[in-house]
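Containing CSV, C-alpha atoms: entry15.csv.
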```
chain,number,residue,atom,x,y,z
A,1483,MET,CA,17.4,11.3,13.3
A,1484,ILE,CA,15.2,12.7,10.5
A,1485,ASN,CA,13.9,9.9,8.3
A,1486,LEU,CA,11.7,11.8,5.9
A,1487,LEU,CA,11.6,15.3,4.4
A,1488,ALA,CA,8.4,16.4,2.6
A,1489,VAL,CA,8.0,19.5,0.5
A,1490,SER,CA,4.9,20.5,-1.5
A,1491,GLY,CA,4.4,23.6,-3.7
A,1492,TYR,CA,7.9,25.0,-3.4
A,1493,ARG,CA,9.7,26.0,-6.6
A,1494,SER,CA,10.2,22.8,-8.6
A,1495,LEU,CA,9.2,20.6,-5.6
A,1496,ARG,CA,5.5,20.0,-6.5
A,1497,ASN,CA,5.1,17.1,-4.1
A,1498,LEU,CA,8.4,15.6,-3.0
A,1499,VAL,CA,9.0,13.1,-0.2
A,1500,LEU,CA,12.6,12.3,0.4
A,1501,GLU,CA,14.0,9.5,2.5
A,1502,LEU,CA,17.0,10.5,4.6
A,1503,GLY,CA,19.7,8.3,6.1
A,1504,GLN,CA,22.7,9.0,8.3
A,1505,ILE,CA,24.5,10.3,5.2
A,1506,THR,CA,22.2,11.4,2.5
A,1507,VAL,CA,23.7,12.5,-0.8
A,1508,ILE,CA,21.5,14.5,-3.1
A,1509,THR,CA,22.8,14.8,-6.6
A,1510,GLY,CA,21.6,15.4,-10.2
A,1511,PRO,CA,22.2,17.7,-13.2
A,1512,ASN,CA,22.1,21.5,-13.0
A,1513,GLY,CA,18.5,22.7,-12.6
A,1514,ALA,CA,17.3,19.4,-11.2
A,1515,GLY,CA,16.2,20.9,-7.9
A,1516,LYS,CA,19.2,20.3,-5.6
A,1517,SER,CA,19.2,23.9,-4.4
A,1518,SER,CA,15.5,23.9,-3.8
A,1519,ILE,CA,15.9,21.0,-1.4
A,1520,TYR,CA,18.7,22.8,0.3
A,1521,ARG,CA,16.6,25.9,0.6
A,1522,ALA,CA,13.6,23.9,1.9
A,1523,LEU,CA,15.7,22.6,4.7
A,1524,ASN,CA,16.9,26.1,5.4
A,1525,LEU,CA,13.3,27.4,5.6
A,1526,LEU,CA,12.4,24.7,8.1
A,1527,ALA,CA,15.3,25.9,10.3
A,1528,ASP,CA,14.2,29.5,9.8
A,1529,ILE,CA,10.8,28.6,11.3
A,1530,ALA,CA,12.6,27.8,14.6
A,1531,GLN,CA,14.4,31.2,14.3
A,1532,ASP,CA,11.2,33.2,13.8
A,1533,ARG,CA,12.2,34.4,10.3
A,1534,ILE,CA,10.2,32.2,7.9
A,1535,VAL,CA,8.3,35.2,6.4
A,1536,GLN,CA,11.5,37.3,6.0
A,1537,SER,CA,13.2,34.4,4.3
A,1538,LEU,CA,10.4,33.9,1.8
A,1539,ALA,CA,10.5,37.7,1.2
A,1540,ALA,CA,14.2,37.5,0.4
A,1541,ASP,CA,13.4,34.9,-2.2
A,1542,GLY,CA,10.9,37.3,-3.8
A,1543,GLY,CA,7.9,36.6,-1.7
A,1544,LEU,CA,5.5,33.6,-1.5
A,1545,ALA,CA,4.3,34.1,-5.1
A,1546,SER,CA,7.8,33.8,-6.5
A,1547,THR,CA,8.6,30.6,-4.5
A,1548,LEU,CA,5.4,28.6,-5.3
A,1549,TRP,CA,5.3,25.7,-7.7
A,1550,ALA,CA,4.7,27.4,-11.1
A,1551,GLY,CA,3.3,24.4,-12.9
A,1552,PRO,CA,-0.2,23.0,-13.1
A,1553,GLU,CA,-1.9,21.6,-9.9
A,1554,THR,CA,-2.1,18.2,-11.5
A,1555,PHE,CA,-0.8,16.4,-14.6
A,1556,SER,CA,-3.2,14.3,-16.7
A,1557,ARG,CA,-2.0,11.1,-18.2
A,1558,ALA,CA,-2.3,12.7,-21.6
A,1559,ILE,CA,0.0,15.5,-20.6
A,1560,ILE,CA,2.5,13.1,-19.1
A,1561,THR,CA,2.7,11.0,-22.3
A,1562,GLY,CA,2.9,14.1,-24.4
A,1563,SER,CA,-0.2,13.4,-26.5
A,1564,VAL,CA,-1.8,16.7,-25.2
A,1565,PRO,CA,0.2,19.9,-24.8
A,1566,LEU,CA,0.5,21.6,-21.4
A,1567,GLN,CA,-2.0,24.4,-21.1
A,1568,ARG,CA,-2.5,27.2,-18.6
A,1569,PRO,CA,-5.6,26.4,-16.4
A,1570,HIS,CA,-8.5,28.8,-16.4
A,1571,ALA,CA,-8.5,29.1,-12.6
A,1572,ARG,CA,-6.8,27.7,-9.6
A,1573,GLN,CA,-8.8,24.9,-8.0
A,1574,ALA,CA,-7.1,24.5,-4.6
A,1575,PRO,CA,-5.9,27.3,-2.2
A,1576,VAL,CA,-2.4,28.6,-2.5
A,1577,SER,CA,-0.3,26.3,-0.3
A,1578,LEU,CA,3.4,25.8,0.5
A,1579,ARG,CA,4.0,22.9,2.8
A,1580,LEU,CA,7.1,21.8,4.6
A,1581,GLY,CA,7.6,18.9,6.9
A,1582,PHE,CA,9.9,16.3,8.3
A,1583,ALA,CA,9.5,13.2,10.5
A,1584,GLY,CA,11.8,11.0,12.6
A,1585,ASP,CA,11.4,8.0,14.9
A,1586,ASP,CA,10.3,10.2,17.7
A,1587,TYR,CA,8.6,13.4,16.4
A,1588,GLY,CA,7.4,14.9,13.2
A,1589,TYR,CA,6.5,18.5,12.2
A,1590,ALA,CA,4.6,20.1,9.3
A,1591,ILE,CA,3.6,23.6,8.4
A,1592,ASP,CA,1.3,24.9,5.7
A,1593,LEU,CA,1.7,28.5,4.5
A,1594,GLY,CA,-0.8,30.4,2.2
A,1595,LEU,CA,-2.2,33.8,1.4
A,1596,PRO,CA,-4.9,35.7,3.3
A,1597,GLU,CA,-8.3,34.5,2.4
A,1598,ARG,CA,-9.8,38.0,2.0
A,1599,VAL,CA,-8.0,41.2,1.2
A,1600,PRO,CA,-10.2,44.3,1.7
A,1601,PRO,CA,-9.8,47.3,-0.5
A,1602,SER,CA,-8.1,49.3,2.3
A,1603,ALA,CA,-5.7,46.5,3.1
A,1604,SER,CA,-2.3,47.1,4.5
A,1605,MET,CA,0.7,47.1,2.3
A,1606,PHE,CA,1.7,43.8,4.0
A,1607,SER,CA,-1.6,42.0,3.1
A,1608,ARG,CA,0.3,39.7,0.7
A,1609,ASP,CA,2.6,38.4,3.4
A,1610,PRO,CA,2.2,34.6,3.8
A,1611,HIS,CA,0.0,33.4,6.6
A,1612,ILE,CA,0.6,30.2,8.5
A,1613,LYS,CA,-2.6,28.2,8.0
A,1614,SER,CA,-1.7,25.2,10.1
A,1615,GLU,CA,1.1,23.6,12.1
A,1616,VAL,CA,1.3,20.2,13.7
A,1617,VAL,CA,3.8,18.3,15.9
A,1618,TRP,CA,3.2,14.6,16.3
A,1619,HIS,CA,4.7,11.6,17.9
A,1620,GLY,CA,6.2,8.8,15.7
A,1621,PRO,CA,7.3,8.5,12.1
A,1622,LEU,CA,3.9,9.2,10.4
A,1623,TYR,CA,1.2,11.8,11.0
A,1624,GLY,CA,-2.2,10.8,12.3
A,1625,LYS,CA,-4.8,12.7,14.3
A,1626,SER,CA,-4.3,10.3,17.3
A,1627,ALA,CA,-0.5,10.9,17.2
A,1628,ALA,CA,-0.8,14.8,17.3
A,1629,LEU,CA,0.9,16.4,20.3
A,1630,ALA,CA,0.3,20.1,19.3
A,1631,ASP,CA,-1.5,21.7,16.5
A,1632,ARG,CA,-2.4,25.2,15.3
A,1633,HIS,CA,-5.3,26.2,13.1
A,1634,GLY,CA,-5.6,30.0,12.4
A,1635,PRO,CA,-4.8,31.9,15.7
A,1636,ALA,CA,-5.6,29.0,18.0
A,1637,VAL,CA,-3.1,26.5,19.3
A,1638,ARG,CA,-3.8,23.4,21.4
A,1639,VAL,CA,-1.4,21.0,23.1
A,1640,ARG,CA,-1.8,17.7,24.9
A,1641,ASP,CA,-1.1,17.7,28.6
A,1642,GLU,CA,0.7,14.9,30.4
A,1643,ARG,CA,-2.6,13.0,30.6
A,1644,GLY,CA,-3.1,13.2,26.8
A,1645,VAL,CA,-6.0,15.7,27.2
A,1646,TRP,CA,-6.1,18.6,24.8
A,1647,GLN,CA,-5.6,22.1,26.3
A,1648,LYS,CA,-5.9,25.4,24.5
A,1649,PRO,CA,-3.5,27.8,26.2
A,1650,PHE,CA,-3.0,30.1,23.1
A,1651,HIS,CA,-5.9,31.8,21.2
A,1652,ASN,CA,-4.5,34.9,19.6
A,1653,LEU,CA,-1.4,33.9,17.6
A,1654,ALA,CA,-0.7,36.2,14.7
A,1655,PRO,CA,-0.9,34.7,11.3
A,1656,PHE,CA,2.8,35.3,10.6
A,1657,ASP,CA,4.0,33.9,13.9
A,1658,SER,CA,4.9,30.2,14.3
A,1659,MET,CA,3.7,28.2,17.3
A,1660,MET,CA,7.3,26.9,17.4
A,1661,THR,CA,8.6,30.3,18.6
A,1662,HIS,CA,5.5,31.9,20.2
A,1663,CYS,CA,3.9,29.0,22.1
A,1664,ILE,CA,6.8,27.5,24.0
A,1665,ASP,CA,5.7,26.3,27.4
A,1666,PRO,CA,8.3,24.0,29.1
A,1667,GLN,CA,5.8,22.6,31.4
A,1668,ASN,CA,2.7,22.1,29.2
A,1669,ALA,CA,4.4,21.7,25.8
A,1670,PRO,CA,8.0,20.3,26.3
A,1671,GLU,CA,7.9,18.7,22.9
A,1672,LEU,CA,7.6,22.0,21.1
A,1673,LEU,CA,10.6,23.4,23.1
A,1674,MET,CA,12.7,20.3,22.4
A,1675,LEU,CA,11.9,20.3,18.7
A,1676,ARG,CA,12.5,24.0,18.3
A,1677,GLU,CA,15.9,23.8,20.0
A,1678,THR,CA,16.9,20.9,17.8
A,1679,MET,CA,15.9,22.7,14.6
A,1680,ARG,CA,17.7,25.8,15.8
A,1681,GLY,CA,20.8,23.7,16.0
A,1682,TRP,CA,20.8,22.5,12.4
A,1683,ARG,CA,23.9,23.8,10.6
A,1684,PHE,CA,24.2,24.9,7.0
A,1685,TYR,CA,27.5,25.4,5.1
A,1686,ASP,CA,27.1,27.0,1.7
A,1687,HIS,CA,29.0,30.2,1.8
A,1688,LEU,CA,32.4,29.3,3.1
A,1689,ARG,CA,34.3,32.1,1.5
A,1690,THR,CA,37.9,31.4,0.2
A,1691,ASP,CA,38.3,34.5,-2.0
A,1692,ARG,CA,41.2,37.0,-1.4
A,1693,ASP,CA,39.1,39.0,1.0
A,1694,ALA,CA,37.6,36.1,2.9
A,1695,PRO,CA,37.3,36.7,6.6
A,1696,ALA,CA,39.0,33.4,7.3
A,1697,ARG,CA,42.2,34.8,5.8
A,1698,ARG,CA,42.4,37.6,8.2
A,1699,PRO,CA,43.4,37.6,11.9
A,1700,GLN,CA,40.3,37.6,14.1
A,1701,ILE,CA,39.6,38.3,17.8
A,1702,GLY,CA,39.8,34.9,19.4
A,1703,THR,CA,37.0,33.6,21.7
A,1704,TYR,CA,35.9,30.1,22.6
A,1705,THR,CA,34.3,28.8,19.4
A,1706,PRO,CA,32.8,25.3,19.4
A,1707,VAL,CA,30.9,26.0,16.2
A,1708,LEU,CA,32.3,27.3,12.9
A,1709,ALA,CA,30.4,30.3,11.6
A,1710,ALA,CA,28.4,29.9,8.4
A,1711,ASP,CA,30.9,32.0,6.5
A,1712,GLY,CA,34.0,30.6,8.2
A,1713,ALA,CA,35.0,33.9,9.7
A,1714,ASN,CA,36.1,32.4,13.0
A,1715,LEU,CA,38.2,29.6,11.6
A,1716,ALA,CA,41.3,30.2,13.7
A,1717,ALA,CA,39.3,30.3,16.9
A,1718,ALA,CA,37.3,27.2,15.9
A,1719,VAL,CA,40.6,25.3,15.3
A,1720,GLN,CA,42.1,26.4,18.6
A,1721,THR,CA,38.9,25.4,20.4
A,1722,ILE,CA,39.1,21.9,18.8
A,1723,TYR,CA,42.7,21.6,20.1
A,1724,GLU,CA,42.0,22.9,23.6
A,1725,ILE,CA,38.9,20.8,24.2
A,1726,GLY,CA,40.7,17.6,23.3
A,1727,PHE,CA,39.8,16.7,19.7
A,1728,GLY,CA,43.0,17.9,18.2
A,1729,GLU,CA,44.3,14.5,17.5
A,1730,ASP,CA,41.3,13.7,15.2
A,1731,LEU,CA,41.8,17.0,13.4
A,1732,ASP,CA,45.5,16.3,12.9
A,1733,GLU,CA,44.7,13.0,11.4
A,1734,THR,CA,42.3,14.6,8.9
A,1735,ILE,CA,44.9,17.2,7.9
A,1736,HIS,CA,47.5,14.6,7.5
A,1737,ASP,CA,45.1,12.5,5.4
A,1738,ALA,CA,44.6,15.4,3.0
A,1739,PHE,CA,48.0,16.9,3.2
A,1740,PRO,CA,50.6,14.4,4.2
A,1741,GLY,CA,53.3,16.0,6.4
A,1742,ALA,CA,51.3,19.1,7.0
A,1743,ALA,CA,50.3,20.5,10.4
A,1744,LEU,CA,48.1,23.3,11.7
A,1745,HIS,CA,48.8,25.8,14.5
A,1746,VAL,CA,47.2,29.0,15.7
A,1747,ALA,CA,49.3,32.1,16.3
A,1748,GLN,CA,48.2,34.8,18.8
A,1749,ASN,CA,49.0,38.5,18.6
A,1750,ASP,CA,47.4,40.9,21.1
A,1751,GLY,CA,44.2,38.8,21.3
A,1752,TYR,CA,44.0,38.2,17.5
A,1753,LEU,CA,44.2,34.7,16.3
A,1754,GLU,CA,45.6,33.6,12.9
A,1755,LEU,CA,45.6,30.1,11.5
A,1756,ARG,CA,48.9,28.9,10.0
A,1757,MET,CA,49.8,25.7,8.2
A,1758,SER,CA,53.2,24.0,8.0
A,1759,GLN,CA,53.8,21.9,5.0
A,1760,HIS,CA,56.5,19.4,4.1
A,1761,GLY,CA,59.5,21.0,2.3
A,1762,LEU,CA,58.7,24.6,3.4
A,1763,LEU,CA,60.9,26.6,5.7
A,1764,ARG,CA,58.1,28.5,7.3
A,1765,ALA,CA,54.4,28.1,8.0
A,1766,LEU,CA,52.0,29.7,5.6
A,1767,LYS,CA,49.4,32.1,6.9
A,1768,ALA,CA,45.8,31.7,6.0
A,1769,ALA,CA,46.1,34.6,3.6
A,1770,GLU,CA,48.7,32.6,1.6
A,1771,LEU,CA,46.8,29.4,1.3
A,1772,SER,CA,45.2,28.3,-2.0
A,1773,ASP,CA,41.4,28.5,-2.2
A,1774,GLY,CA,41.2,24.6,-2.2
A,1775,THR,CA,43.4,24.2,0.8
A,1776,LEU,CA,41.5,26.9,2.8
A,1777,ARG,CA,38.2,25.3,1.7
A,1778,PHE,CA,39.3,21.9,3.1
A,1779,LEU,CA,40.5,23.4,6.4
A,1780,LEU,CA,37.1,25.2,6.8
A,1781,LEU,CA,35.2,21.9,6.2
A,1782,ALA,CA,37.5,20.1,8.6
A,1783,ALA,CA,36.8,22.7,11.3
A,1784,ALA,CA,33.1,22.5,10.7
A,1785,LEU,CA,32.9,18.7,10.8
A,1786,HIS,CA,35.2,18.3,13.8
A,1787,SER,CA,33.0,20.7,15.9
A,1788,PRO,CA,33.1,19.8,19.6
A,1789,ARG,CA,29.4,20.6,19.7
A,1790,PRO,CA,27.9,18.5,16.8
A,1791,PRO,CA,24.3,19.4,15.7
A,1792,ALA,CA,21.5,16.9,15.1
A,1793,LEU,CA,21.7,17.7,11.4
A,1794,MET,CA,24.4,19.2,9.2
A,1795,ILE,CA,23.9,20.2,5.6
A,1796,LEU,CA,26.7,20.8,3.1
A,1797,ASN,CA,26.0,22.4,-0.2
A,1798,GLU,CA,28.6,21.6,-2.9
A,1799,PRO,CA,31.4,21.1,-0.5
A,1800,GLU,CA,33.7,20.0,-3.4
A,1801,THR,CA,33.9,23.6,-4.7
A,1802,SER,CA,37.5,24.7,-5.3
A,1803,LEU,CA,38.8,21.3,-4.2
A,1804,HIS,CA,41.3,19.4,-6.4
A,1805,PRO,CA,40.1,15.9,-7.3
A,1806,GLU,CA,42.9,14.4,-5.2
A,1807,LEU,CA,41.3,15.9,-2.0
A,1808,LEU,CA,37.9,14.2,-2.6
A,1809,PRO,CA,38.8,10.8,-1.0
A,1810,ALA,CA,40.0,12.7,2.1
A,1811,LEU,CA,36.7,14.8,2.1
A,1812,ALA,CA,34.7,11.6,1.8
A,1813,ARG,CA,36.5,10.1,4.8
A,1814,LEU,CA,36.0,13.3,6.8
A,1815,VAL,CA,32.2,13.2,6.1
A,1816,GLY,CA,32.1,9.5,7.1
A,1817,ASN,CA,33.8,10.2,10.4
A,1818,ALA,CA,31.6,13.2,11.1
A,1819,ALA,CA,28.5,11.1,10.5
A,1820,ARG,CA,29.3,9.0,13.5
A,1821,ARG,CA,28.2,12.0,15.6
A,1822,THR,CA,25.7,13.9,13.4
A,1823,GLN,CA,23.3,13.2,10.6
A,1824,MET,CA,24.6,14.6,7.3
A,1825,VAL,CA,23.0,15.8,4.1
A,1826,ILE,CA,25.4,16.4,1.2
A,1827,VAL,CA,24.2,18.3,-1.9
A,1828,SER,CA,26.5,17.9,-4.8
A,1829,HIS,CA,26.7,17.6,-8.6
A,1830,ALA,CA,30.2,16.1,-8.5
A,1831,VAL,CA,30.1,12.5,-9.6
A,1832,ASP,CA,33.6,11.8,-8.3
A,1833,LEU,CA,32.7,13.0,-4.8
A,1834,VAL,CA,29.5,10.9,-4.8
A,1835,ASP,CA,31.6,7.8,-5.8
A,1836,GLU,CA,34.1,8.5,-3.0
A,1837,LEU,CA,31.3,9.0,-0.4
A,1838,ARG,CA,29.8,5.7,-1.5
A,1839,SER,CA,33.2,4.0,-1.2
A,1840,ALA,CA,33.9,5.5,2.2
A,1841,SER,CA,30.5,5.0,3.9
A,1842,ALA,CA,27.0,3.7,3.7
A,1843,ILE,CA,25.0,6.5,2.1
A,1844,THR,CA,21.4,7.1,1.1
A,1845,PRO,CA,21.5,8.4,-2.4
A,1846,ALA,CA,18.9,10.6,-4.0
A,1847,VAL,CA,19.4,11.2,-7.7
A,1848,LEU,CA,17.2,14.0,-8.9
A,1849,GLU,CA,15.7,14.5,-12.3
A,1850,LYS,CA,13.3,17.0,-13.9
A,1851,ARG,CA,10.1,15.9,-15.7
A,1852,LEU,CA,7.7,18.6,-17.0
A,1853,GLY,CA,9.4,21.1,-14.7
A,1854,GLU,CA,8.9,19.0,-11.6
A,1855,THR,CA,11.7,17.6,-9.4
A,1856,LEU,CA,11.5,13.8,-9.0
A,1857,ILE,CA,13.7,11.2,-7.4
A,1858,LYS,CA,15.0,8.9,-10.1
A,1859,ASP,CA,13.9,5.3,-9.9
A,1860,ASP,CA,12.4,5.8,-6.5
A,1861,ASP,CA,9.0,5.0,-5.0
A,1862,ALA,CA,8.0,7.9,-2.8
A,1863,PRO,CA,7.7,6.9,0.9
A,1864,VAL,CA,4.3,7.2,2.6
A,1865,TRP,CA,3.5,10.7,3.9
A,1866,HIS,CA,0.3,12.3,5.2
A,1867,TRP,CA,-0.1,16.1,5.3
A,1868,PRO,CA,-2.3,17.4,8.1
A,1869,ALA,CA,-5.4,19.2,6.9
A,1870,ARG,CA,-5.8,22.9,7.2
```
Mind converting the file's structure to structure tokens?
Amino acid sequence: MINLLAVSGYRSLRNLVLELGQITVITGPNGAGKSSIYRALNLLADIAQDRIVQSLAADGGLASTLWAGPETFSRAIITGSVPLQRPHARQAPVSLRLGFAGDDYGYAIDLGLPERVPPSASMFSRDPHIKSEVVWHGPLYGKSAALADRHGPAVRVRDERGVWQKPFHNLAPFDSMMTHCIDPQNAPELLMLRETMRGWRFYDHLRTDRDAPARRPQIGTYTPVLAADGANLAAAVQTIYEIGFGEDLDETIHDAFPGAALHVAQNDGYLELRMSQHGLLRALKAAELSDGTLRFLLLAAALHSPRPPALMILNEPETSLHPELLPALARLVGNAARRTQMVIVSHAVDLVDELRSASAITPAVLEKRLGETLIKDDDAPVWHWPAR
């Protein structure tokens, strides 16, 4: 389980350390930084997929994602006795740092800009460079706890005797050691951590509009994991039933829609989800369901996955849901958290209250101060960033 998430220099997250529990609920007003935390977790997962640079480019490049405020706040600025002024020059190197730590392992990455850009530089010379990466054992980084580290193009790992070896010397500045230095024999920790991070699941774009893929029949194949957009909903539901977890799914559906039942129809290899409801003479096709009903079914399929991840992140799962469905959603999350760690990002106070009533949660209420995202009434946990 991940106990700490640390982000420095990303959007409004100047230097945030967030404690995570089995169910972490991140809430706060619009603009407080909830989406930035969600994106920071997504960036960490992108590292394991070898697409961190492309993801930053999609956000407008490193320059657009960096903390835009001053490097430090003086006491006078914080109290308001002195106005905030633009500094004459940056004192520290450009740095975007991401990291997490659990009971067993921790990981941190530091991204920056090339130190020297010659006049005849490539058009890609402003791409972010990975300045350092470290994997360590235990909940807190220390040099003695490091298992693998990377500085510039060189990567070293500890062998089974604890002796440093340097099997990699020419790593490109845009390539992560998590994807390009995997050695099952000499660096099993890197392989294990990479596969864990690759398995993290994010649900943010579960479409329920008229043209949503989940509303249309789809070719059916064995589907233990619901797609990020929910396109394979019918196959995911059928897989849950066939693998033996259908009873749990039925209980969730009955909890939210008393008297309702799901079944999957097949026509020439295409699967289509249908829902029977009390009082109706025929089952409704997915195309006929309301946005809120379809949204709940998508969440139910995601959280009843026969192949649960180590970490699942839901961004505003209450979207389109009627308030009467929030207690059932909270119970669904609580049951799913028995098999996977959950992070819920939401601004719905009613959902947060229901989650608190249904399960033990770790709340994180965000607030903005001088443009910086802070955790309200919280003392930041201890965190040490590795040096470049």
(request) Find, counting all atoms listed in the file, the residue in A:Thr1661, A:Thr1721, A:Ser1490, A:Asn1652 that gets nearest to A:Ala1783. (result) A:Thr1721
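When only C-alpha atoms are used to compute distances to A:Ser1517, the closest of the residues A:Val1645, A:Val1616, A:Leu1495, A:Ala1810 turns out to be A:Leu1495.
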(message) Ranking A:Ala1819, A:Val1834, A:Leu1502, A:Leu1811 by minimum distance to A:Ala1862 and counting all atoms listed in the file, which one comes first?
(response) A:Leu1502
Determine, counting all atoms listed in the file, which protein, DNA and RNA residues have an atom within 12 Å of an atom of A:Asp1631; residues of the same chain fewer than 6 positions away are not included. Present the result as a CSV table (one decimal) with C-alpha atoms, in the frame of the given file.
```csv
chain,number,residue,atom,x,y,z
A,1588,GLY,CA,7.4,14.9,13.2
A,1589,TYR,CA,6.5,18.5,12.2
A,1590,ALA,CA,4.6,20.1,9.3
A,1591,ILE,CA,3.6,23.6,8.4
A,1592,ASP,CA,1.3,24.9,5.7
A,1612,ILE,CA,0.6,30.2,8.5
A,1613,LYS,CA,-2.6,28.2,8.0
A,1614,SER,CA,-1.7,25.2,10.1
A,1615,GLU,CA,1.1,23.6,12.1
A,1616,VAL,CA,1.3,20.2,13.7
A,1617,VAL,CA,3.8,18.3,15.9
A,1618,TRP,CA,3.2,14.6,16.3
A,1619,HIS,CA,4.7,11.6,17.9
A,1623,TYR,CA,1.2,11.8,11.0
A,1624,GLY,CA,-2.2,10.8,12.3
A,1625,LYS,CA,-4.8,12.7,14.3
A,1637,VAL,CA,-3.1,26.5,19.3
A,1638,ARG,CA,-3.8,23.4,21.4
A,1639,VAL,CA,-1.4,21.0,23.1
A,1640,ARG,CA,-1.8,17.7,24.9
A,1646,TRP,CA,-6.1,18.6,24.8
A,1647,GLN,CA,-5.6,22.1,26.3
A,1648,LYS,CA,-5.9,25.4,24.5
A,1649,PRO,CA,-3.5,27.8,26.2
A,1650,PHE,CA,-3.0,30.1,23.1
A,1651,HIS,CA,-5.9,31.8,21.2
A,1658,SER,CA,4.9,30.2,14.3
A,1659,MET,CA,3.7,28.2,17.3
A,1660,MET,CA,7.3,26.9,17.4
A,1663,CYS,CA,3.9,29.0,22.1
A,1669,ALA,CA,4.4,21.7,25.8
A,1671,GLU,CA,7.9,18.7,22.9
A,1672,LEU,CA,7.6,22.0,21.1
A,1868,PRO,CA,-2.3,17.4,8.1
A,1869,ALA,CA,-5.4,19.2,6.9
A,1870,ARG,CA,-5.8,22.9,7.2
```
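Take atom CA of A:Ala1846 and atom CA of A:Arg1493: the distance between them is 18.1 Å.
Shortest separation to A:His1736 among A:Ser1758, A:Trp1682, A:Ala1694, A:Thr1844 occurs at residue A:Ser1758, atoms counted being only C-alpha atoms.
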(request) Can you work out which one of A:Asp1861, A:Asp1686, A:Asp1835, A:Asp1665 has the shortest atom-to-atom distance to A:Ala1812, counting all atoms listed in the file? (result) A:Asp1835
(request) Return the single residue from A:Thr1705, A:Ser1626, A:Thr1509, A:Ser1537 that is closest to A:Asn1797, with distances computed using all atoms listed in the file. (result) A:Thr1509
(message) Distance cut-off 12 Å, centre (36.2, 30.1, -2.2) in file coordinates, counting all atoms listed in the file: which residues qualify? Return them as a PyMOL selection string.
(response) chain A and resi 1686-1697+1711-1712+1771-1781+1798-1803
Same residues, C-alpha atoms, output as a CSV table (one decimal), in the frame of the given file:
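And here's part_21.csv as it stands now:
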```csv
chain,number,residue,atom,x,y,z
A,1686,ASP,CA,27.1,27.0,1.7
A,1687,HIS,CA,29.0,30.2,1.8
A,1688,LEU,CA,32.4,29.3,3.1
A,1689,ARG,CA,34.3,32.1,1.5
A,1690,THR,CA,37.9,31.4,0.2
A,1691,ASP,CA,38.3,34.5,-2.0
A,1692,ARG,CA,41.2,37.0,-1.4
A,1693,ASP,CA,39.1,39.0,1.0
A,1694,ALA,CA,37.6,36.1,2.9
A,1695,PRO,CA,37.3,36.7,6.6
A,1696,ALA,CA,39.0,33.4,7.3
A,1697,ARG,CA,42.2,34.8,5.8
A,1711,ASP,CA,30.9,32.0,6.5
A,1712,GLY,CA,34.0,30.6,8.2
A,1771,LEU,CA,46.8,29.4,1.3
A,1772,SER,CA,45.2,28.3,-2.0
A,1773,ASP,CA,41.4,28.5,-2.2
A,1774,GLY,CA,41.2,24.6,-2.2
A,1775,THR,CA,43.4,24.2,0.8
A,1776,LEU,CA,41.5,26.9,2.8
A,1777,ARG,CA,38.2,25.3,1.7
A,1778,PHE,CA,39.3,21.9,3.1
A,1779,LEU,CA,40.5,23.4,6.4
A,1780,LEU,CA,37.1,25.2,6.8
A,1781,LEU,CA,35.2,21.9,6.2
A,1798,GLU,CA,28.6,21.6,-2.9
A,1799,PRO,CA,31.4,21.1,-0.5
A,1800,GLU,CA,33.7,20.0,-3.4
A,1801,THR,CA,33.9,23.6,-4.7
A,1802,SER,CA,37.5,24.7,-5.3
A,1803,LEU,CA,38.8,21.3,-4.2
```
(message) What's the separation between atom CA of A:Ala1717 and atom CA of A:Gly1702, in Å to one decimal place?
(response) 5.3 Å
(request) Extract, using all atoms listed in the file, all DNA, RNA and protein residues at most 7 Å from A:Thr1822, discarding same-chain residues fewer than 4 positions from it, and format them as a VMD selection string. (result) chain A and resid 1790 to 1794 1818
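The space separating atom CA of A:Glu1836 from atom CA of A:Gly1513 comes to 23.2 Å.
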(message) Neighbouring residues of stretch 1764-1766 of chain A were defined as those with any atom within 12 Å, considering all atoms listed in the file; residues of the same chain fewer than 2 positions away were excluded. Please report them as JSON, numbers by chain.
(response) {"A": [1697, 1742, 1743, 1744, 1745, 1746, 1747, 1754, 1755, 1756, 1757, 1758, 1759, 1760, 1761, 1762, 1768, 1769, 1770, 1771, 1772, 1775, 1776]}
(request) Can you pull out every residue within 8 Å of A:His1786, counting all atoms listed in the file, but drop anything in the same chain fewer than 5 positions away, and send it as number ranges by chain? (result) A: 1722, 1727, 1730-1731, 1818
